[in-house]
file data02.cif (mmCIF, C-alpha atoms (C1' of nucleotides))
data_run
#
loop_
_atom_site.group_PDB
_atom_site.id
_atom_site.type_symbol
_atom_site.label_atom_id
_atom_site.label_comp_id
_atom_site.auth_asym_id
_atom_site.auth_seq_id
_atom_site.Cartn_x
_atom_site.Cartn_y
_atom_site.Cartn_z
ATOM 1 C CA MET A 235 1.360 -25.761 -0.766
ATOM 2 C CA THR A 236 -2.033 -25.619 0.779
ATOM 3 C CA THR A 237 -4.940 -25.576 -1.575
ATOM 4 C CA ILE A 238 -7.888 -23.201 -1.418
ATOM 5 C CA SER A 239 -10.300 -25.702 -2.930
ATOM 6 C CA ASP A 240 -13.488 -26.803 -1.260
ATOM 7 C CA GLY A 241 -12.036 -30.061 -0.021
ATOM 8 C CA GLU A 242 -11.852 -30.850 3.671
ATOM 9 C CA GLU A 243 -8.356 -32.277 3.558
ATOM 10 C CA ILE A 244 -6.241 -29.368 4.681
ATOM 11 C CA VAL A 245 -2.572 -30.096 4.972
ATOM 12 C CA PHE A 246 0.020 -27.864 6.570
ATOM 13 C CA GLU A 247 3.586 -28.401 5.483
ATOM 14 C CA GLN A 248 5.530 -25.472 4.104
ATOM 15 C CA PRO A 249 8.739 -25.277 6.075
ATOM 16 C CA CYS A 250 9.438 -21.742 4.876
ATOM 17 C CA PRO A 251 7.441 -19.001 6.647
ATOM 18 C CA ILE A 252 7.575 -16.570 3.766
ATOM 19 C CA ARG A 253 6.317 -19.023 1.209
ATOM 20 C CA ASP A 254 3.684 -20.169 3.595
ATOM 21 C CA VAL A 255 2.402 -16.681 4.315
ATOM 22 C CA LEU A 256 2.630 -15.576 0.720
ATOM 23 C CA ASP A 257 0.744 -18.618 -0.431
ATOM 24 C CA ARG A 258 -2.132 -17.413 1.640
ATOM 25 C CA ILE A 259 -2.114 -13.670 1.369
ATOM 26 C CA GLY A 260 -0.336 -13.499 -1.982
ATOM 27 C CA ASN A 261 -3.552 -13.717 -3.939
ATOM 28 C CA GLN A 262 -5.341 -10.557 -4.891
ATOM 29 C CA TRP A 263 -8.459 -11.182 -2.857
ATOM 30 C CA SER A 264 -6.857 -11.559 0.558
ATOM 31 C CA LEU A 265 -5.189 -8.174 0.304
ATOM 32 C CA LEU A 266 -8.346 -6.519 -0.925
ATOM 33 C CA ILE A 267 -10.431 -8.039 1.849
ATOM 34 C CA LEU A 268 -7.943 -7.025 4.506
ATOM 35 C CA GLU A 269 -7.940 -3.495 3.154
ATOM 36 C CA ALA A 270 -11.710 -3.404 3.054
ATOM 37 C CA LEU A 271 -11.852 -4.464 6.697
ATOM 38 C CA ALA A 272 -9.237 -1.966 7.843
ATOM 39 C CA PRO A 273 -11.770 0.803 8.624
ATOM 40 C CA GLY A 274 -13.978 -1.571 10.586
ATOM 41 C CA THR A 275 -16.372 -4.493 10.743
ATOM 42 C CA LEU A 276 -18.294 -5.471 7.622
ATOM 43 C CA ARG A 277 -20.958 -7.988 6.688
ATOM 44 C CA PHE A 278 -20.649 -10.465 3.860
ATOM 45 C CA ASN A 279 -22.624 -8.581 1.263
ATOM 46 C CA ALA A 280 -21.138 -5.287 2.342
ATOM 47 C CA LEU A 281 -17.730 -6.794 1.612
ATOM 48 C CA MET A 282 -18.921 -7.899 -1.784
ATOM 49 C CA ARG A 283 -20.053 -4.385 -2.611
ATOM 50 C CA GLU A 284 -16.886 -2.881 -1.195
ATOM 51 C CA ILE A 285 -14.582 -5.059 -3.256
ATOM 52 C CA GLY A 286 -16.746 -4.890 -6.307
ATOM 53 C CA ASP A 287 -15.819 -7.660 -8.677
ATOM 54 C CA ILE A 288 -15.311 -10.657 -6.432
ATOM 55 C CA SER A 289 -17.597 -13.653 -6.729
ATOM 56 C CA LYS A 290 -19.468 -15.105 -3.757
ATOM 57 C CA GLN A 291 -17.370 -18.197 -4.096
ATOM 58 C CA MET A 292 -14.033 -16.518 -3.836
ATOM 59 C CA LEU A 293 -15.145 -14.167 -1.097
ATOM 60 C CA SER A 294 -16.418 -17.106 0.905
ATOM 61 C CA ARG A 295 -13.317 -19.193 0.359
ATOM 62 C CA THR A 296 -10.887 -16.405 1.042
ATOM 63 C CA LEU A 297 -12.713 -15.288 4.173
ATOM 64 C CA LYS A 298 -12.535 -18.819 5.484
ATOM 65 C CA GLN A 299 -8.811 -18.917 4.862
ATOM 66 C CA LEU A 300 -8.247 -15.603 6.541
ATOM 67 C CA GLU A 301 -10.290 -16.733 9.503
ATOM 68 C CA GLN A 302 -8.361 -19.971 9.627
ATOM 69 C CA ASP A 303 -5.053 -18.155 9.635
ATOM 70 C CA GLY A 304 -6.229 -15.858 12.387
ATOM 71 C CA PHE A 305 -6.336 -12.639 10.372
ATOM 72 C CA ILE A 306 -10.061 -12.065 10.830
ATOM 73 C CA THR A 307 -12.929 -13.132 13.060
ATOM 74 C CA ARG A 308 -16.297 -14.314 11.883
ATOM 75 C CA THR A 309 -19.242 -13.571 14.142
ATOM 76 C CA LEU A 310 -22.583 -15.153 13.404
ATOM 77 C CA TYR A 311 -25.663 -13.541 14.933
ATOM 78 C CA PRO A 312 -28.393 -16.199 15.008
ATOM 79 C CA GLU A 313 -31.144 -13.953 13.790
ATOM 80 C CA VAL A 314 -33.533 -14.174 10.894
ATOM 81 C CA PRO A 315 -32.294 -13.276 8.390
ATOM 82 C CA PRO A 316 -28.820 -14.296 9.550
ATOM 83 C CA ARG A 317 -26.191 -11.646 10.072
ATOM 84 C CA VAL A 318 -22.470 -12.366 9.861
ATOM 85 C CA GLU A 319 -19.828 -9.815 10.672
ATOM 86 C CA TYR A 320 -16.184 -9.957 9.744
ATOM 87 C CA ALA A 321 -13.502 -7.992 11.547
ATOM 88 C CA LEU A 322 -9.734 -7.860 11.721
ATOM 89 C CA THR A 323 -7.954 -9.521 14.616
ATOM 90 C CA ASP A 324 -4.849 -8.063 16.225
ATOM 91 C CA LEU A 325 -2.806 -10.294 13.957
ATOM 92 C CA GLY A 326 -4.681 -9.026 10.936
ATOM 93 C CA ARG A 327 -4.227 -5.446 12.014
ATOM 94 C CA SER A 328 -0.514 -5.976 12.612
ATOM 95 C CA PHE A 329 -0.223 -7.247 9.077
ATOM 96 C CA LEU A 330 -1.722 -4.060 7.734
ATOM 97 C CA GLU A 331 1.468 -2.111 8.277
ATOM 98 C CA PRO A 332 3.922 -4.093 6.129
ATOM 99 C CA MET A 333 1.120 -4.569 3.661
ATOM 100 C CA GLN A 334 0.513 -0.871 3.328
ATOM 101 C CA GLN A 335 4.223 -0.341 2.846
ATOM 102 C CA LEU A 336 3.990 -2.681 -0.081
ATOM 103 C CA VAL A 337 0.891 -0.983 -1.422
ATOM 104 C CA ALA A 338 2.585 2.412 -1.130
ATOM 105 C CA TRP A 339 5.587 1.071 -2.989
ATOM 106 C CA ALA A 340 3.353 -0.370 -5.680
ATOM 107 C CA GLU A 341 1.568 2.928 -6.129
ATOM 108 C CA SER A 342 4.662 5.058 -6.316
ATOM 109 C CA HIS A 343 6.550 2.708 -8.643
ATOM 110 C CA HIS A 344 3.724 1.543 -10.817
ATOM 111 C CA ARG A 345 4.526 4.037 -13.521
ATOM 112 C CA ALA A 346 8.151 2.937 -13.620
ATOM 113 C CA ILE A 347 7.075 -0.659 -14.072
ATOM 114 C CA VAL A 348 4.667 0.135 -16.860
ATOM 115 C CA GLU A 349 7.392 2.136 -18.564
ATOM 116 C CA ALA A 350 9.829 -0.736 -18.197
ATOM 117 C CA ARG A 351 7.344 -3.038 -19.871
ATOM 118 C CA THR A 352 6.821 -0.632 -22.726
ATOM 119 C CA ARG A 353 10.554 -0.261 -23.169
ATOM 120 C CA TYR A 354 10.946 -4.023 -23.168
ATOM 121 C CA GLN A 355 8.320 -4.439 -25.836
ATOM 122 C CA ALA A 356 9.902 -1.716 -27.941
ATOM 123 C CA ASN A 357 13.290 -3.481 -27.910
ATOM 124 C CA PRO A 358 12.943 -7.032 -29.162
ATOM 125 C CA GLU A 359 16.694 -7.070 -29.745
ATOM 126 C CA GLN A 360 18.550 -10.176 -28.743
ATOM 127 C CA ARG A 361 15.524 -12.147 -27.720
ATOM 128 C CA MET B 186 -4.386 -10.480 -15.367
ATOM 129 C CA THR B 187 -1.253 -10.956 -17.337
ATOM 130 C CA THR B 188 -0.204 -14.495 -17.979
ATOM 131 C CA ILE B 189 3.215 -15.984 -17.431
ATOM 132 C CA SER B 190 2.836 -18.556 -20.189
ATOM 133 C CA ASP B 191 5.217 -18.914 -23.057
ATOM 134 C CA GLY B 192 2.978 -17.086 -25.480
ATOM 135 C CA GLU B 193 4.092 -13.898 -27.138
ATOM 136 C CA GLU B 194 0.807 -12.061 -26.712
ATOM 137 C CA ILE B 195 1.359 -9.981 -23.623
ATOM 138 C CA VAL B 196 -1.503 -7.764 -22.610
ATOM 139 C CA PHE B 197 -1.336 -5.002 -20.028
ATOM 140 C CA GLU B 198 -4.606 -3.979 -18.494
ATOM 141 C CA GLN B 199 -4.876 -4.018 -14.723
ATOM 142 C CA PRO B 200 -6.095 -0.610 -13.669
ATOM 143 C CA CYS B 201 -5.140 -1.229 -10.043
ATOM 144 C CA PRO B 202 -1.421 -0.854 -9.271
ATOM 145 C CA ILE B 203 -1.481 -3.176 -6.298
ATOM 146 C CA ARG B 204 -3.140 -5.999 -8.133
ATOM 147 C CA ASP B 205 -0.850 -5.456 -11.028
ATOM 148 C CA VAL B 206 2.305 -5.560 -8.949
ATOM 149 C CA LEU B 207 1.125 -8.434 -6.803
ATOM 150 C CA ASP B 208 0.196 -10.453 -9.840
ATOM 151 C CA ARG B 209 3.801 -10.308 -10.833
ATOM 152 C CA ILE B 210 5.780 -10.528 -7.627
ATOM 153 C CA GLY B 211 3.139 -12.333 -5.589
ATOM 154 C CA ASN B 212 4.353 -15.734 -6.649
ATOM 155 C CA GLN B 213 6.937 -17.529 -4.609
ATOM 156 C CA TRP B 214 9.625 -17.571 -7.257
ATOM 157 C CA SER B 215 9.851 -13.846 -7.883
ATOM 158 C CA LEU B 216 10.471 -13.154 -4.232
ATOM 159 C CA LEU B 217 13.032 -15.902 -3.952
ATOM 160 C CA ILE B 218 14.891 -14.711 -7.040
ATOM 161 C CA LEU B 219 14.935 -11.132 -5.839
ATOM 162 C CA GLU B 220 16.284 -12.283 -2.482
ATOM 163 C CA ALA B 221 18.911 -14.406 -4.155
ATOM 164 C CA LEU B 222 20.070 -11.444 -6.220
ATOM 165 C CA ALA B 223 20.154 -9.054 -3.269
ATOM 166 C CA PRO B 224 23.821 -9.774 -2.401
ATOM 167 C CA GLY B 225 24.907 -9.310 -5.994
ATOM 168 C CA THR B 226 25.022 -10.497 -9.586
ATOM 169 C CA LEU B 227 24.430 -14.149 -10.332
ATOM 170 C CA ARG B 228 24.449 -16.391 -13.372
ATOM 171 C CA PHE B 229 21.588 -18.619 -14.429
ATOM 172 C CA ASN B 230 22.826 -21.860 -12.982
ATOM 173 C CA ALA B 231 24.104 -20.131 -9.881
ATOM 174 C CA LEU B 232 20.565 -18.891 -9.325
ATOM 175 C CA MET B 233 19.248 -22.403 -9.748
ATOM 176 C CA ARG B 234 21.621 -23.698 -7.115
ATOM 177 C CA GLU B 235 20.888 -20.779 -4.824
ATOM 178 C CA ILE B 236 17.128 -21.262 -4.927
ATOM 179 C CA GLY B 237 17.328 -25.003 -4.833
ATOM 180 C CA ASP B 238 14.064 -26.472 -5.981
ATOM 181 C CA ILE B 239 13.092 -24.324 -8.938
ATOM 182 C CA SER B 240 12.898 -25.817 -12.414
ATOM 183 C CA LYS B 241 14.747 -24.337 -15.372
ATOM 184 C CA GLN B 242 11.387 -23.511 -16.859
ATOM 185 C CA MET B 243 10.122 -21.440 -13.994
ATOM 186 C CA LEU B 244 13.449 -19.763 -13.419
ATOM 187 C CA SER B 245 13.626 -18.792 -17.056
ATOM 188 C CA ARG B 246 10.041 -17.565 -17.196
ATOM 189 C CA THR B 247 10.186 -15.650 -13.953
ATOM 190 C CA LEU B 248 13.489 -14.019 -14.832
ATOM 191 C CA LYS B 249 12.004 -12.849 -18.089
ATOM 192 C CA GLN B 250 9.068 -11.309 -16.248
ATOM 193 C CA LEU B 251 11.289 -9.595 -13.729
ATOM 194 C CA GLU B 252 13.427 -8.244 -16.537
ATOM 195 C CA GLN B 253 10.339 -7.072 -18.354
ATOM 196 C CA ASP B 254 9.052 -5.242 -15.313
ATOM 197 C CA GLY B 255 12.402 -3.578 -14.796
ATOM 198 C CA PHE B 256 13.350 -5.345 -11.559
ATOM 199 C CA ILE B 257 16.457 -6.994 -12.960
ATOM 200 C CA THR B 258 18.868 -6.687 -15.846
ATOM 201 C CA ARG B 259 20.011 -9.515 -18.054
ATOM 202 C CA THR B 260 23.495 -9.224 -19.498
ATOM 203 C CA LEU B 261 24.601 -11.655 -22.155
ATOM 204 C CA TYR B 262 28.329 -12.045 -22.732
ATOM 205 C CA PRO B 263 28.781 -13.458 -26.231
ATOM 206 C CA GLU B 264 31.409 -15.969 -25.279
ATOM 207 C CA VAL B 265 31.707 -19.686 -25.708
ATOM 208 C CA PRO B 266 30.214 -21.091 -23.601
ATOM 209 C CA PRO B 267 27.738 -18.259 -23.160
ATOM 210 C CA ARG B 268 27.597 -16.377 -19.887
ATOM 211 C CA VAL B 269 24.518 -14.539 -18.694
ATOM 212 C CA GLU B 270 24.447 -12.414 -15.595
ATOM 213 C CA TYR B 271 21.411 -11.237 -13.736
ATOM 214 C CA ALA B 272 21.440 -8.264 -11.395
ATOM 215 C CA LEU B 273 18.982 -6.066 -9.586
ATOM 216 C CA THR B 274 18.144 -2.671 -11.030
ATOM 217 C CA ASP B 275 17.537 0.369 -8.848
ATOM 218 C CA LEU B 276 13.854 -0.391 -9.073
ATOM 219 C CA GLY B 277 14.464 -3.954 -7.967
ATOM 220 C CA ARG B 278 16.640 -2.812 -5.107
ATOM 221 C CA SER B 279 14.058 -0.278 -3.995
ATOM 222 C CA PHE B 280 11.533 -3.077 -3.841
ATOM 223 C CA LEU B 281 13.722 -5.031 -1.472
ATOM 224 C CA GLU B 282 12.855 -2.830 1.484
ATOM 225 C CA PRO B 283 9.066 -3.241 1.617
ATOM 226 C CA MET B 284 9.589 -6.857 0.692
ATOM 227 C CA GLN B 285 11.912 -7.472 3.583
ATOM 228 C CA GLN B 286 9.428 -5.802 5.907
ATOM 229 C CA LEU B 287 6.945 -8.359 4.761
ATOM 230 C CA VAL B 288 9.399 -11.197 5.147
ATOM 231 C CA ALA B 289 10.228 -10.010 8.643
ATOM 232 C CA TRP B 290 6.554 -9.872 9.508
ATOM 233 C CA ALA B 291 6.056 -13.356 8.122
ATOM 234 C CA GLU B 292 8.899 -14.718 10.160
ATOM 235 C CA SER B 293 7.857 -13.146 13.423
ATOM 236 C CA HIS B 294 4.173 -14.022 13.067
ATOM 237 C CA HIS B 295 4.457 -17.401 11.464
ATOM 238 C CA ARG B 296 4.019 -19.191 14.739
ATOM 239 C CA ALA B 297 0.855 -17.241 15.514
ATOM 240 C CA ILE B 298 -0.585 -18.208 12.152
ATOM 241 C CA VAL B 299 0.217 -21.863 12.578
ATOM 242 C CA GLU B 300 -1.363 -21.768 16.031
ATOM 243 C CA ALA B 301 -4.466 -20.097 14.628
ATOM 244 C CA ARG B 302 -4.780 -22.891 12.098
ATOM 245 C CA THR B 303 -4.410 -25.527 14.751
ATOM 246 C CA ARG B 304 -7.010 -23.800 16.906
ATOM 247 C CA TYR B 305 -9.354 -23.594 13.950
ATOM 248 C CA GLN B 306 -9.015 -27.276 13.233
ATOM 249 C CA ALA B 307 -9.599 -28.122 16.872
ATOM 250 C CA ASN B 308 -12.886 -26.189 16.955
ATOM 251 C CA PRO B 309 -15.176 -27.432 14.224
ATOM 252 C CA GLU B 310 -18.084 -25.776 16.078
ATOM 253 C CA GLN B 311 -20.687 -24.061 14.004
ATOM 254 C CA ARG B 312 -19.195 -24.890 10.664
ATOM 255 C "C1'" DC C 18 -28.718 -13.074 3.977
ATOM 256 C "C1'" DG C 19 -24.799 -15.855 3.765
ATOM 257 C "C1'" DG C 20 -22.634 -19.486 1.753
ATOM 258 C "C1'" DC C 21 -21.665 -24.450 0.170
ATOM 259 C "C1'" DA C 22 -21.761 -27.890 -3.962
ATOM 260 C "C1'" DT C 23 -21.138 -28.623 -8.658
ATOM 261 C "C1'" DC C 24 -19.385 -27.887 -13.024
ATOM 262 C "C1'" DC C 25 -16.087 -26.150 -16.162
ATOM 263 C "C1'" DA C 26 -12.680 -23.075 -18.634
ATOM 264 C "C1'" DA C 27 -8.324 -21.077 -18.001
ATOM 265 C "C1'" DC C 28 -4.054 -21.010 -16.299
ATOM 266 C "C1'" DT C 29 0.186 -22.761 -13.728
ATOM 267 C "C1'" DC C 30 3.907 -25.453 -13.109
ATOM 268 C "C1'" DG C 31 6.972 -29.338 -13.647
ATOM 269 C "C1'" DA C 32 9.388 -33.066 -16.459
ATOM 270 C "C1'" DT C 33 11.554 -34.024 -20.321
ATOM 271 C "C1'" DA C 34 13.907 -33.378 -24.497
ATOM 272 C "C1'" DC C 35 16.177 -30.540 -27.772
ATOM 273 C "C1'" DT C 36 19.163 -26.209 -29.402
ATOM 274 C "C1'" DG C 37 22.895 -22.580 -30.144
ATOM 275 C "C1'" DC D 103 25.957 -22.838 -20.311
ATOM 276 C "C1'" DA D 104 21.589 -20.967 -20.858
ATOM 277 C "C1'" DG D 105 17.925 -21.512 -22.325
ATOM 278 C "C1'" DT D 106 13.152 -22.882 -25.494
ATOM 279 C "C1'" DA D 107 9.419 -26.398 -27.032
ATOM 280 C "C1'" DT D 108 6.191 -29.526 -25.975
ATOM 281 C "C1'" DC D 109 3.248 -32.105 -23.200
ATOM 282 C "C1'" DG D 110 0.306 -33.094 -19.355
ATOM 283 C "C1'" DA D 111 -1.359 -33.149 -14.577
ATOM 284 C "C1'" DG D 112 -2.970 -30.321 -11.194
ATOM 285 C "C1'" DT D 113 -5.055 -25.717 -9.467
ATOM 286 C "C1'" DT D 114 -7.497 -21.704 -9.649
ATOM 287 C "C1'" DG D 115 -11.371 -19.142 -10.054
ATOM 288 C "C1'" DG D 116 -15.887 -17.813 -12.141
ATOM 289 C "C1'" DA D 117 -20.979 -19.057 -12.938
ATOM 290 C "C1'" DT D 118 -24.830 -21.104 -11.321
ATOM 291 C "C1'" DG D 119 -28.044 -23.084 -8.388
ATOM 292 C "C1'" DC D 120 -29.698 -24.746 -4.004
ATOM 293 C "C1'" DC D 121 -30.311 -24.388 1.007
ATOM 294 C "C1'" DG D 122 -31.038 -22.849 6.032
#
call {"tool": "encode", "arguments": {"input": "data02.cif", "output": "structure tokens"}}
result
Amino acid sequence: MTTISDGEEIVFEQPCPIRDVLDRIGNQWSLLILEALAPGTLRFNALMREIGDISKQMLSRTLKQLEQDGFITRTLYPEVPPRVEYALTDLGRSFLEPMQQLVAWAESHHRAIVEARTRYQANPEQR
Amino acid sequence: MTTISDGEEIVFEQPCPIRDVLDRIGNQWSLLILEALAPGTLRFNALMREIGDISKQMLSRTLKQLEQDGFITRTLYPEVPPRVEYALTDLGRSFLEPMQQLVAWAESHHRAIVEARTRYQANPEQR
DNA sequence: CGGCATCCAACTCGATACTG
DNA sequence: CAGTATCGAGTTGGATGCCG
């Protein structure tokens, strides 16, 4: 499992594609960032505002991961003050489709899940 | 964020359906268990063998979560020795489709991701 | 503005041992 | 057989603060 920490030592093992991919995009932030970039290019602080409750740290780390995995591009304009724009790559855009399927499923079944949890709590039978 | 720990105090907040769902099924084990149960009912130890490298702990915990969220059913046959069977619910089965879309995407784009990582490592330009 | 480094609390996950 | 309890190492992720 690859770590998201600040360290430089990045190791790629993970024989299983699904685990590998899910390790990366399975965290909440990656999905949210990808969604935020779906309409178009955004700058760092614009992303922060768009997502709302993400810290600079996590945004920075997750963006780096997504760039590393080829989901997004990072373009630095050497101006003062610096401007950095993030955009989806073709790979990132192609991922949007299965992802949105999942999001749609989550939205339409969320109620059922919440109800299942309530039911479970109400029946502490043979547990 | 709901915890998976052993504690009894389970809190449901999570206003966002996607985060909520991903928090639960975003971990490697949930997906693997759901896949393992796709062909049909399985017992606890059969699941362990099927998945391979999961510990009893994590299997037990994750199964409980999946049951709680209504993805699977747990049927205890009061025999000696005890027999417990796990099976997908309709909800769980309905989740299989978007999930398999994602798995398919992961499989067909895994190479591209690995290549992106390699490319990234090879170009430590302005970083 | 964009983003790393540091510190730290919380949580995850596995190993092991014990139970009905 | 099918778990739960306990312990402990390792990760994650947020809060700051500094820097170009």
call {"tool": "residues_near_point", "arguments": {"input": "data02.cif", "point": "(-19.6, -24.5, 1.1)", "cutoff": "9 Å", "atoms": "all atoms listed in the file", "output": "ChimeraX atom specification"}}
result
/A:240,291,294-295 /C:20-22
call {"tool": "calpha_fit_and_write", "arguments": {"input": "data02.cif", "fixed": "chain A", "moving": "chain B", "output": "short mmCIF file (atom, residue, chain, number, x, y, z; two decimals) with C-alpha atoms, in the frame of the given file"}}
result
data_model
loop_
_atom_site.label_atom_id
_atom_site.label_comp_id
_atom_site.auth_asym_id
_atom_site.auth_seq_id
_atom_site.Cartn_x
_atom_site.Cartn_y
_atom_site.Cartn_z
CA MET B 186 1.35 -25.68 -0.93
CA THR B 187 -2.00 -25.58 0.72
CA THR B 188 -4.98 -25.53 -1.55
CA ILE B 189 -7.92 -23.18 -1.39
CA SER B 190 -10.35 -25.68 -2.87
CA ASP B 191 -13.52 -26.74 -1.19
CA GLY B 192 -12.08 -30.00 0.05
CA GLU B 193 -11.86 -30.76 3.73
CA GLU B 194 -8.37 -32.23 3.62
CA ILE B 195 -6.18 -29.35 4.66
CA VAL B 196 -2.50 -30.10 4.88
CA PHE B 197 0.11 -27.86 6.47
CA GLU B 198 3.65 -28.40 5.35
CA GLN B 199 5.56 -25.41 4.03
CA PRO B 200 8.77 -25.21 5.99
CA CYS B 201 9.45 -21.66 4.80
CA PRO B 202 7.43 -18.96 6.59
CA ILE B 203 7.57 -16.52 3.71
CA ARG B 204 6.31 -18.97 1.16
CA ASP B 205 3.68 -20.10 3.55
CA VAL B 206 2.40 -16.62 4.27
CA LEU B 207 2.62 -15.49 0.68
CA ASP B 208 0.74 -18.53 -0.50
CA ARG B 209 -2.14 -17.36 1.58
CA ILE B 210 -2.15 -13.59 1.32
CA GLY B 211 -0.37 -13.37 -2.02
CA ASN B 212 -3.58 -13.58 -3.97
CA GLN B 213 -5.42 -10.44 -4.91
CA TRP B 214 -8.53 -11.16 -2.89
CA SER B 215 -6.92 -11.55 0.51
CA LEU B 216 -5.28 -8.17 0.25
CA LEU B 217 -8.44 -6.51 -0.95
CA ILE B 218 -10.50 -8.05 1.84
CA LEU B 219 -8.00 -7.03 4.48
CA GLU B 220 -8.02 -3.48 3.11
CA ALA B 221 -11.79 -3.42 3.06
CA LEU B 222 -11.91 -4.49 6.69
CA ALA B 223 -9.28 -1.99 7.82
CA PRO B 224 -11.82 0.77 8.63
CA GLY B 225 -13.98 -1.62 10.62
CA THR B 226 -16.38 -4.54 10.79
CA LEU B 227 -18.33 -5.49 7.70
CA ARG B 228 -20.99 -8.01 6.77
CA PHE B 229 -20.72 -10.48 3.93
CA ASN B 230 -22.70 -8.59 1.35
CA ALA B 231 -21.20 -5.30 2.43
CA LEU B 232 -17.80 -6.80 1.66
CA MET B 233 -19.03 -7.89 -1.74
CA ARG B 234 -20.17 -4.38 -2.54
CA GLU B 235 -16.99 -2.88 -1.14
CA ILE B 236 -14.70 -5.05 -3.24
CA GLY B 237 -16.86 -4.87 -6.30
CA ASP B 238 -15.94 -7.63 -8.67
CA ILE B 239 -15.44 -10.63 -6.42
CA SER B 240 -17.74 -13.63 -6.68
CA LYS B 241 -19.57 -15.06 -3.69
CA GLN B 242 -17.48 -18.17 -4.09
CA MET B 243 -14.13 -16.48 -3.82
CA LEU B 244 -15.24 -14.16 -1.07
CA SER B 245 -16.51 -17.09 0.93
CA ARG B 246 -13.41 -19.19 0.35
CA THR B 247 -10.96 -16.41 1.02
CA LEU B 248 -12.75 -15.31 4.17
CA LYS B 249 -12.58 -18.84 5.46
CA GLN B 250 -8.85 -18.94 4.83
CA LEU B 251 -8.27 -15.61 6.50
CA GLU B 252 -10.31 -16.76 9.47
CA GLN B 253 -8.36 -19.99 9.59
CA ASP B 254 -5.05 -18.17 9.59
CA GLY B 255 -6.22 -15.88 12.36
CA PHE B 256 -6.35 -12.66 10.33
CA ILE B 257 -10.07 -12.10 10.81
CA THR B 258 -12.90 -13.16 13.06
CA ARG B 259 -16.28 -14.37 11.90
CA THR B 260 -19.20 -13.63 14.19
CA LEU B 261 -22.54 -15.23 13.49
CA TYR B 262 -25.61 -13.64 15.05
CA PRO B 263 -28.32 -16.30 15.15
CA GLU B 264 -31.09 -14.05 13.98
CA VAL B 265 -33.55 -14.25 11.15
CA PRO B 266 -32.31 -13.32 8.64
CA PRO B 267 -28.83 -14.33 9.73
CA ARG B 268 -26.18 -11.68 10.23
CA VAL B 269 -22.48 -12.40 9.98
CA GLU B 270 -19.82 -9.86 10.77
CA TYR B 271 -16.20 -10.00 9.79
CA ALA B 272 -13.50 -8.04 11.56
CA LEU B 273 -9.74 -7.89 11.71
CA THR B 274 -7.95 -9.56 14.60
CA ASP B 275 -4.85 -8.08 16.18
CA LEU B 276 -2.81 -10.31 13.93
CA GLY B 277 -4.69 -9.05 10.90
CA ARG B 278 -4.25 -5.47 11.97
CA SER B 279 -0.55 -5.97 12.56
CA PHE B 280 -0.27 -7.25 9.02
CA LEU B 281 -1.77 -4.06 7.66
CA GLU B 282 1.41 -2.09 8.19
CA PRO B 283 3.88 -4.08 6.07
CA MET B 284 1.09 -4.56 3.58
CA GLN B 285 0.47 -0.87 3.25
CA GLN B 286 4.19 -0.31 2.79
CA LEU B 287 3.97 -2.64 -0.13
CA VAL B 288 0.88 -0.96 -1.49
CA ALA B 289 2.58 2.41 -1.19
CA TRP B 290 5.61 1.09 -3.03
CA ALA B 291 3.39 -0.34 -5.74
CA GLU B 292 1.60 2.93 -6.20
CA SER B 293 4.70 5.07 -6.36
CA HIS B 294 6.61 2.73 -8.68
CA HIS B 295 3.81 1.55 -10.87
CA ARG B 296 4.64 4.03 -13.57
CA ALA B 297 8.27 2.92 -13.64
CA ILE B 298 7.17 -0.68 -14.07
CA VAL B 299 4.80 0.12 -16.88
CA GLU B 300 7.54 2.11 -18.59
CA ALA B 301 9.97 -0.77 -18.19
CA ARG B 302 7.47 -3.05 -19.89
CA THR B 303 6.99 -0.64 -22.73
CA ARG B 304 10.74 -0.29 -23.14
CA TYR B 305 11.11 -4.05 -23.14
CA GLN B 306 8.51 -4.46 -25.83
CA ALA B 307 10.13 -1.76 -27.92
CA ASN B 308 13.52 -3.52 -27.85
CA PRO B 309 13.16 -7.06 -29.10
CA GLU B 310 16.95 -7.13 -29.62
CA GLN B 311 18.74 -10.30 -28.75
CA ARG B 312 15.70 -12.25 -27.73
#
call {"tool": "residues_near_point", "arguments": {"input": "data02.cif", "point": "(21.6, -23.0, -21.3)", "cutoff": "10 Å", "atoms": "all atoms listed in the file", "output": "PyMOL selection string"}}
result
(chain B and resi 229-230+241+245+266-269) or (chain C and resi 36-37) or (chain D and resi 103-106)
call {"tool": "closest_residue", "arguments": {"input": "data02.cif", "among": "B:Thr274, B:Asn308, B:Gln253, B:Thr247", "to": "chain A", "atoms": "all atoms listed in the file"}}
result
B:Gln253
call {"tool": "atom_distance", "arguments": {"input": "data02.cif", "atom1": "CA of Ser342 (chain A)", "atom2": "CA of Ile210 (chain B)"}}
result
15.7 Å
call {"tool": "interface_residues", "arguments": {"input": "data02.cif", "of": "chain A", "to": "chain B", "cutoff": "8 Å", "atoms": "all atoms listed in the file", "output": "VMD selection string"}}
result
chain A and resid 251 to 253 255 to 257 260 to 262 302 to 304 325 329 332 to 333 335 to 337 339 to 341 343 to 344 346 to 348 350 to 351 354
call {"tool": "atom_distance", "arguments": {"input": "data02.cif", "atom1": "CA of Leu227 (chain B)", "atom2": "CA of Ile257 (chain B)"}}
result
11.0 Å
call {"tool": "atom_distance", "arguments": {"input": "data02.cif", "atom1": "CA of Glu313 (chain A)", "atom2": "CA of Leu271 (chain A)"}}
result
22.6 Å
call {"tool": "resolve_selection", "arguments": {"input": "data02.cif", "expression": "the PyMOL selection byres ((chain D and resi 117) around 9)", "output": "PyMOL selection string"}}
result
(chain A and resi 289) or (chain C and resi 24) or (chain D and resi 116+118)
call {"tool": "resolve_selection", "arguments": {"input": "data02.cif", "expression": "the PyMOL selection byres ((chain C and resi 31) around 10)", "output": "PyMOL selection string"}}
result
(chain B and resi 239-243) or (chain C and resi 29-30+32-33) or (chain D and resi 110-111)
